[in-house]
Amino acid sequence: MSELLPGQAEAIAEVNALREKVQKADVDTMNLIMGRAHTHHAWTDKPVSDELLKEAYDLAKMGPTGMNIQPMRIVFLRDGAKEQRLVPLMLDSNKAKTSAAPVTAILANDQAFFEKMDRIFPIFPDAAAMFSGNAEVARDNAERNGTLQAAYFLMALRSVGLDVAPMSGFDPAGVNKEFFDGTNVTANFIVNIGYGDSAGVFPRLSRLGFEEVAQIF
């Protein structure tokens, strides 16, 4: 093996130890995160702590992205701040459920994510230059990797016992002006977070089968 990078031996040992201990998530875990989980449209009044939101983020941030790009930014809203600033910008069909959720998060992307590349991708010192002079390339990478991070965050929220309801029904220009005016951050989508009331769960809609979407060569 060629000379290892600093910390690489420890990373290899960590992966090997994990693989030896766990080869696959158990069925209950798969169902909690994805298999039998549902989007929730009604909520209990059980509060969601800041600590639990941080726990979910700290798990989600470990998900892989291209060049370790980390454009996702989050604004969490509760109570009066949500009612005054966000609910008026939701589509009518999403206003009541957003009001009822204990927490609503705006998941956004920082188009200037590359300003942190020297810290998050130090193995390539010139990484920031790939994006700083090309707004289209920066935007494509922000949207792609920010959406990846947002999806990881939804799964992480479920893994710590919370329910989620992602939504695209809002006024993007209004949200960007209200929350991100004068910055390089733009809204991606919005998610209600809390402990769902199962009375607000709907029958699962059809999903496409593997054979419909996949090719193997």
# chains A, B, ... in the order shown; residues from 1 in each chain; ligands from 1
>>> residues_around(residues="A:Ala199", least_positions_apart="4", cutoff="9 Å", atoms="only C-alpha atoms", output="NGL selection string")
:A and (40-43)
>>> write_last_selection(atoms="N, CA and C atoms", output="PDB file, in the first residue's frame")
ATOM      1  N   HIS A  40     -46.198  12.744   7.537  1.00  0.00           N
ATOM      2  CA  HIS A  40     -47.250  13.079   8.512  1.00  0.00           C
ATOM      3  C   HIS A  40     -47.873  14.433   8.194  1.00  0.00           C
ATOM      4  N   HIS A  41     -49.201  14.479   8.313  1.00  0.00           N
ATOM      5  CA  HIS A  41     -49.949  15.697   8.022  1.00  0.00           C
ATOM      6  C   HIS A  41     -50.650  16.258   9.258  1.00  0.00           C
ATOM      7  N   ALA A  42     -50.514  15.556  10.377  1.00  0.00           N
ATOM      8  CA  ALA A  42     -51.057  16.029  11.654  1.00  0.00           C
ATOM      9  C   ALA A  42     -50.026  15.744  12.733  1.00  0.00           C
ATOM     10  N   TRP A  43     -50.086  16.530  13.790  1.00  0.00           N
ATOM     11  CA  TRP A  43     -49.005  16.488  14.778  1.00  0.00           C
ATOM     12  C   TRP A  43     -49.547  16.482  16.199  1.00  0.00           C
TER      13      TRP A  43
END
>>> residues_around(residues="A:Ala96", least_positions_apart="6", cutoff="12 Å", atoms="only C-alpha atoms", output="list in words")
His41, Ala42, Trp43, Lys82, Glu83, Leu86, Val87, Pro88, Met90 and Asn192 of chain A
>>> write_last_selection(atoms="N, CA, C and O atoms", output="short mmCIF file (atom, residue, chain, number, x, y, z; two decimals), in the first residue's frame")
data_model
loop_
_atom_site.label_atom_id
_atom_site.label_comp_id
_atom_site.auth_asym_id
_atom_site.auth_seq_id
_atom_site.Cartn_x
_atom_site.Cartn_y
_atom_site.Cartn_z
N HIS A 41 -49.20 14.48 8.31
CA HIS A 41 -49.95 15.70 8.02
C HIS A 41 -50.65 16.26 9.26
O HIS A 41 -51.29 17.30 9.18
N ALA A 42 -50.51 15.56 10.38
CA ALA A 42 -51.06 16.03 11.65
C ALA A 42 -50.03 15.74 12.73
O ALA A 42 -49.22 14.82 12.60
N TRP A 43 -50.09 16.53 13.79
CA TRP A 43 -49.01 16.49 14.78
C TRP A 43 -49.55 16.48 16.20
O TRP A 43 -50.56 17.11 16.49
N LYS A 82 -42.55 31.36 13.39
CA LYS A 82 -43.07 30.60 12.25
C LYS A 82 -44.37 31.21 11.75
O LYS A 82 -44.57 31.39 10.54
N GLU A 83 -45.27 31.54 12.67
CA GLU A 83 -46.58 32.07 12.29
C GLU A 83 -46.44 33.41 11.56
O GLU A 83 -47.14 33.68 10.58
N LEU A 86 -43.17 32.66 8.28
CA LEU A 86 -43.18 31.59 7.28
C LEU A 86 -44.56 31.19 6.81
O LEU A 86 -44.79 31.04 5.60
N VAL A 87 -45.50 31.00 7.74
CA VAL A 87 -46.82 30.49 7.36
C VAL A 87 -47.46 31.33 6.26
O VAL A 87 -48.06 30.77 5.32
N PRO A 88 -47.37 32.67 6.28
CA PRO A 88 -47.97 33.45 5.20
C PRO A 88 -47.37 33.16 3.82
O PRO A 88 -47.98 33.49 2.80
N MET A 90 -46.51 30.06 2.81
CA MET A 90 -46.84 28.70 2.41
C MET A 90 -48.09 28.72 1.52
O MET A 90 -48.94 29.61 1.63
N ASN A 192 -41.76 19.94 7.79
CA ASN A 192 -42.34 19.95 9.13
C ASN A 192 -41.77 18.79 9.93
O ASN A 192 -41.59 17.69 9.40
#
>>> select_by_dssp(residues="chain A", states="alpha helix (DSSP H)", output="ChimeraX atom specification")
/A:8-21,27-30,50-60,79-85,92-100,117-120,129-132,135-159,172-180,210-213
>>> atom_distance(atom1="atom CA of A:Arg73", atom2="atom CA of A:Ile193")
16.1 Å
>>> atom_distance(atom1="atom CA of A:Val175", atom2="atom CA of A:Leu77")
12.6 Å
>>> closest_atom_pairs(of="stretch 99-217 of chain A", to="stretch 64-72 of chain A", cutoff="6 Å", atoms="only C-alpha atoms", output="Markdown table")
| residue | atom | partner | partner_atom | distance |
| --- | --- | --- | --- | --- |
| A:Ala108 | CA | A:Met72 | CA | 5.6 |
| A:Asn109 | CA | A:Met72 | CA | 4.7 |
| A:Asp110 | CA | A:Pro71 | CA | 4.9 |
| A:Phe113 | CA | A:Pro71 | CA | 5.1 |
| A:Ala142 | CA | A:Pro71 | CA | 5.5 |
| A:Asn145 | CA | A:Thr65 | CA | 5.8 |
| A:Gly146 | CA | A:Met72 | CA | 4.7 |
>>> write_last_selection(atoms="N, CA and C atoms", output="JSON list (two decimals), in the first residue's frame")
[["chain", "number", "residue", "atom", "x", "y", "z"],
["A", 108, "ALA", "N", -31.97, 24.93, 3.01],
["A", 108, "ALA", "CA", -31.50, 25.85, 1.98],
["A", 108, "ALA", "C", -30.09, 25.47, 1.55],
["A", 109, "ASN", "N", -29.64, 26.09, 0.46],
["A", 109, "ASN", "CA", -28.30, 25.83, -0.06],
["A", 109, "ASN", "C", -27.51, 27.13, -0.13],
["A", 110, "ASP", "N", -26.28, 27.07, 0.33],
["A", 110, "ASP", "CA", -25.37, 28.21, 0.23],
["A", 110, "ASP", "C", -24.64, 28.12, -1.10],
["A", 113, "PHE", "N", -20.76, 27.96, -1.03],
["A", 113, "PHE", "CA", -20.23, 26.88, -0.18],
["A", 113, "PHE", "C", -18.72, 26.74, -0.31],
["A", 142, "ALA", "N", -24.07, 23.09, -5.62],
["A", 142, "ALA", "CA", -24.81, 23.43, -4.41],
["A", 142, "ALA", "C", -26.15, 22.71, -4.38],
["A", 145, "ASN", "N", -25.55, 18.63, -4.13],
["A", 145, "ASN", "CA", -25.04, 18.16, -2.84],
["A", 145, "ASN", "C", -25.88, 18.65, -1.68],
["A", 146, "GLY", "N", -26.49, 19.83, -1.82],
["A", 146, "GLY", "CA", -27.39, 20.31, -0.78],
["A", 146, "GLY", "C", -28.63, 19.45, -0.66]]
>>> residues_around(residues="stretch 194-197 of chain A", least_positions_apart="6", cutoff="8 Å", atoms="only C-alpha atoms", output="CSV table (one decimal) with N, CA, C and O atoms, in the first residue's frame")
chain,number,residue,atom,x,y,z
A,40,HIS,N,-46.2,12.7,7.5
A,40,HIS,CA,-47.2,13.1,8.5
A,40,HIS,C,-47.9,14.4,8.2
A,40,HIS,O,-47.2,15.4,7.9
A,41,HIS,N,-49.2,14.5,8.3
A,41,HIS,CA,-49.9,15.7,8.0
A,41,HIS,C,-50.7,16.3,9.3
A,41,HIS,O,-51.3,17.3,9.2
A,42,ALA,N,-50.5,15.6,10.4
A,42,ALA,CA,-51.1,16.0,11.7
A,42,ALA,C,-50.0,15.7,12.7
A,42,ALA,O,-49.2,14.8,12.6
A,43,TRP,N,-50.1,16.5,13.8
A,43,TRP,CA,-49.0,16.5,14.8
A,43,TRP,C,-49.5,16.5,16.2
A,43,TRP,O,-50.6,17.1,16.5
A,44,THR,N,-48.8,15.8,17.1
A,44,THR,CA,-49.1,15.9,18.5
A,44,THR,C,-48.5,17.2,19.0
A,44,THR,O,-47.7,17.8,18.3
A,45,ASP,N,-48.8,17.5,20.3
A,45,ASP,CA,-48.2,18.7,20.9
A,45,ASP,C,-46.9,18.4,21.7
A,45,ASP,O,-46.4,19.2,22.4
A,46,LYS,N,-46.4,17.2,21.5
A,46,LYS,CA,-45.1,16.8,22.2
A,46,LYS,C,-44.0,17.7,21.6
A,46,LYS,O,-43.8,17.7,20.4
A,47,PRO,N,-43.2,18.3,22.5
A,47,PRO,CA,-42.2,19.3,22.0
A,47,PRO,C,-41.0,18.5,21.5
A,47,PRO,O,-40.7,17.4,21.8
A,48,VAL,N,-40.3,19.2,20.6
A,48,VAL,CA,-39.0,18.7,20.0
A,48,VAL,C,-37.9,19.6,20.5
A,48,VAL,O,-37.9,20.8,20.4
A,101,ALA,N,-47.2,21.9,13.3
A,101,ALA,CA,-46.0,21.2,13.5
A,101,ALA,C,-45.2,21.9,14.6
A,101,ALA,O,-45.1,23.1,14.7
A,102,PRO,N,-44.6,21.1,15.5
A,102,PRO,CA,-43.8,21.7,16.6
A,102,PRO,C,-42.6,22.5,16.1
A,102,PRO,O,-42.2,23.6,16.6
A,103,VAL,N,-42.0,22.0,15.0
A,103,VAL,CA,-40.9,22.7,14.4
A,103,VAL,C,-41.0,22.6,12.9
A,103,VAL,O,-41.4,21.6,12.3
A,161,GLY,N,-36.2,9.3,16.1
A,161,GLY,CA,-37.5,9.1,16.6
A,161,GLY,C,-38.5,10.1,16.2
A,161,GLY,O,-39.7,10.1,16.7
A,162,LEU,N,-38.2,11.0,15.3
A,162,LEU,CA,-39.1,12.1,14.9
A,162,LEU,C,-39.7,11.7,13.5
A,162,LEU,O,-39.3,10.9,12.8
A,163,ASP,N,-40.8,12.4,13.3
A,163,ASP,CA,-41.5,12.3,12.0
A,163,ASP,C,-41.3,13.5,11.1
A,163,ASP,O,-41.0,14.6,11.7
A,164,VAL,N,-41.5,13.4,9.8
A,164,VAL,CA,-41.2,14.5,8.9
A,164,VAL,C,-42.2,14.6,7.8
A,164,VAL,O,-42.9,13.6,7.5
>>> atom_distance(atom1="atom CA of A:Ala100", atom2="atom CA of A:Arg78")
9.9 Å
